[in-house]
Amino acid sequence: MRNGIKEWVDGHVTITVRGKRFERMLNMAVRDGIRIWNIRRVGEEVTRCDILIRDYFRLRPLLKETGCRSHVEARDGLPFWLLRIRRRSGLAIGAALFFIGLYMLSSFVWSVEVSGTKMVDPRRVIQAAEQVGIKEGAWKVKLKEPLVLQKELLSLLPEASWVGIEIQGTKVMLQVVEKDAPVKPLATGPRHLVAKKRAVVHKILPEVGRSQVVSNQLVEKGQVLISGIIGNDARQQAVSARGKVQGEVWYTSNTSVPLKQTTHRLTGEKLEHQYLLVGPYAIYVWPFEKQSFAQAEIAEQRFLPSYAGYTSPLGWKTVTYAQSEPVQTEMSVEAATELAKKFAREDILQKAGKDAFIQDEKVLHVTTENGKVYVSIHFSVIEDIAIEQPLVGQ
């Protein structure tokens, strides 16, 4: 029975035998224990077959005795493969060093990524990970067991209820699950809700306490809206007033917009810079002379081969620079006015606070001077006007 692996390890050759007495030579070879296979006729007195290297030298006396001649057509097996490597030792050494270097690079951590954070700053997580040994350039073999690292990270991050650690090739993924934020207890001290600015009451919804105003009533700053004193003249009690009071507040906004606007447009010219990525480092490769534009939009593409969750530390980065040039355009007074109104709305709503909305707006006047449009706008805004006022000594 043939053993293909043993034949490859021992090495074998494919030979062509010429002669009229090949069958006699074959019988003599079988008698002497010489292994010959893949026998096929390729001509009238020409036969091709395979034979082990050590048996080929034993075949020579039989060839001489039967008057046949042989010629080696092909060589295969481990001995010939080693011989070829020996002749190309430089290439073999280079390939070996490349794979050794690739293995060494893949044995280190080259990037740390954090996910799942909402309230916790990801930089705090990375700093905590560095304290337990998880950082760029760390040797993965020297890292502690994941369960030990999880306990150490949790002790450094009291805001986290769980930290998952997953190593994907040269990347470490930190999955953070934050603790639920504690519910702030409602104020228990006695208090009023008073107006924080002059306004007309739009809507009042008292929850705890006694309403002191009604809708469409003008109130001044500091006036009590919902009282924290409940009961009658004979028996009173101080409580923590709660509720929602919306009021109509008036603002005047003065905004200016230049008529000449500078924008940037792409010219169509592009430059590409090529980098070799080795771990966290980028080595500039092409073109030989670095060129750049005075103004450009920059885009970056990275290629890191990955397979079955393993990411190679070697990759390629292409940085594209798209040239742009400044372009000046002159707006009409109408367009500048609309832009000024947009800016003014955003500014007013930011000042008014959460849940505020503009009920009405009116342009008071528009003037053009020194290349700018000046717009004065009156706004009527519905916003929350209630603030707390403690009841001292009650």
# chains A, B, ... in the order shown; residues from 1 in each chain; ligands from 1

call {"tool": "residues_around", "arguments": {"residues": "A:Lys140", "least_positions_apart": "4", "cutoff": "8 Å", "atoms": "only C-alpha atoms", "output": "short mmCIF file (atom, residue, chain, number, x, y, z; two decimals) with C-alpha atoms, in the first residue's frame"}}
result
data_model
loop_
_atom_site.label_atom_id
_atom_site.label_comp_id
_atom_site.auth_asym_id
_atom_site.auth_seq_id
_atom_site.Cartn_x
_atom_site.Cartn_y
_atom_site.Cartn_z
CA SER A 107 1.32 39.44 20.59
CA PHE A 108 0.91 43.04 21.74
CA VAL A 109 -2.11 45.27 22.37
#

call {"tool": "atom_distance", "arguments": {"atom1": "atom CA of A:Thr117", "atom2": "atom CA of A:Gln175"}}
result
8.2 Å

call {"tool": "closest_residue", "arguments": {"among": "A:Glu334, A:Asp10, A:Glu369, A:Asp384", "to": "A:Ala199", "atoms": "only C-alpha atoms"}}
result
A:Asp384

call {"tool": "select_by_dssp", "arguments": {"residues": "stretch 130-361 of chain A", "states": "strand (DSSP E)", "output": "ChimeraX atom specification"}}
result
/A:160-168,171-178,191-195,199-208,210-211,218-219,224-227,229-231,236-238,242-258,260-278,281-286,296-303,306-307,310-311,314-330,357-361

call {"tool": "closest_residue", "arguments": {"among": "A:Ala95, A:Ala294, A:Glu248, A:Lys317", "to": "A:Ala282", "atoms": "only C-alpha atoms"}}
result
A:Lys317

call {"tool": "decode", "arguments": {"residues": "stretch 33-46 of chain A", "atoms": "N, CA and C atoms", "output": "PDB file, in the first residue's frame"}}
result
ATOM      1  N   GLY A  33      12.789  -5.771  -4.207  1.00  0.00           N
ATOM      2  CA  GLY A  33      12.118  -4.890  -3.242  1.00  0.00           C
ATOM      3  C   GLY A  33      12.176  -3.420  -3.599  1.00  0.00           C
ATOM      4  N   ILE A  34      12.375  -3.099  -4.857  1.00  0.00           N
ATOM      5  CA  ILE A  34      12.396  -1.693  -5.301  1.00  0.00           C
ATOM      6  C   ILE A  34      10.976  -1.255  -5.630  1.00  0.00           C
ATOM      7  N   ARG A  35      10.541  -0.130  -5.015  1.00  0.00           N
ATOM      8  CA  ARG A  35       9.164   0.352  -5.216  1.00  0.00           C
ATOM      9  C   ARG A  35       9.101   1.247  -6.448  1.00  0.00           C
ATOM     10  N   ILE A  36       8.229   0.901  -7.377  1.00  0.00           N
ATOM     11  CA  ILE A  36       7.989   1.688  -8.582  1.00  0.00           C
ATOM     12  C   ILE A  36       6.483   1.824  -8.748  1.00  0.00           C
ATOM     13  N   TRP A  37       6.004   3.069  -9.016  1.00  0.00           N
ATOM     14  CA  TRP A  37       4.560   3.295  -9.176  1.00  0.00           C
ATOM     15  C   TRP A  37       4.318   4.313 -10.291  1.00  0.00           C
ATOM     16  N   ASN A  38       3.045   4.516 -10.587  1.00  0.00           N
ATOM     17  CA  ASN A  38       2.650   5.421 -11.680  1.00  0.00           C
ATOM     18  C   ASN A  38       3.319   5.038 -12.997  1.00  0.00           C
ATOM     19  N   ILE A  39       3.283   3.723 -13.321  1.00  0.00           N
ATOM     20  CA  ILE A  39       3.926   3.241 -14.558  1.00  0.00           C
ATOM     21  C   ILE A  39       2.984   3.499 -15.729  1.00  0.00           C
ATOM     22  N   ARG A  40       3.468   4.171 -16.794  1.00  0.00           N
ATOM     23  CA  ARG A  40       2.626   4.428 -17.969  1.00  0.00           C
ATOM     24  C   ARG A  40       3.522   4.513 -19.207  1.00  0.00           C
ATOM     25  N   ARG A  41       2.968   3.960 -20.298  1.00  0.00           N
ATOM     26  CA  ARG A  41       3.660   3.987 -21.582  1.00  0.00           C
ATOM     27  C   ARG A  41       3.472   5.363 -22.223  1.00  0.00           C
ATOM     28  N   VAL A  42       4.584   5.947 -22.681  1.00  0.00           N
ATOM     29  CA  VAL A  42       4.504   7.241 -23.362  1.00  0.00           C
ATOM     30  C   VAL A  42       5.068   7.142 -24.783  1.00  0.00           C
ATOM     31  N   GLY A  43       5.516   5.961 -25.183  1.00  0.00           N
ATOM     32  CA  GLY A  43       6.058   5.759 -26.519  1.00  0.00           C
ATOM     33  C   GLY A  43       6.215   4.282 -26.803  1.00  0.00           C
ATOM     34  N   GLU A  44       6.759   3.954 -27.985  1.00  0.00           N
ATOM     35  CA  GLU A  44       6.882   2.542 -28.375  1.00  0.00           C
ATOM     36  C   GLU A  44       7.826   1.802 -27.449  1.00  0.00           C
ATOM     37  N   GLU A  45       8.924   2.378 -27.105  1.00  0.00           N
ATOM     38  CA  GLU A  45       9.881   1.760 -26.188  1.00  0.00           C
ATOM     39  C   GLU A  45      10.227   2.704 -25.044  1.00  0.00           C
ATOM     40  N   VAL A  46       9.249   3.559 -24.698  1.00  0.00           N
ATOM     41  CA  VAL A  46       9.474   4.575 -23.659  1.00  0.00           C
ATOM     42  C   VAL A  46       8.400   4.416 -22.579  1.00  0.00           C
TER      43      VAL A  46
END
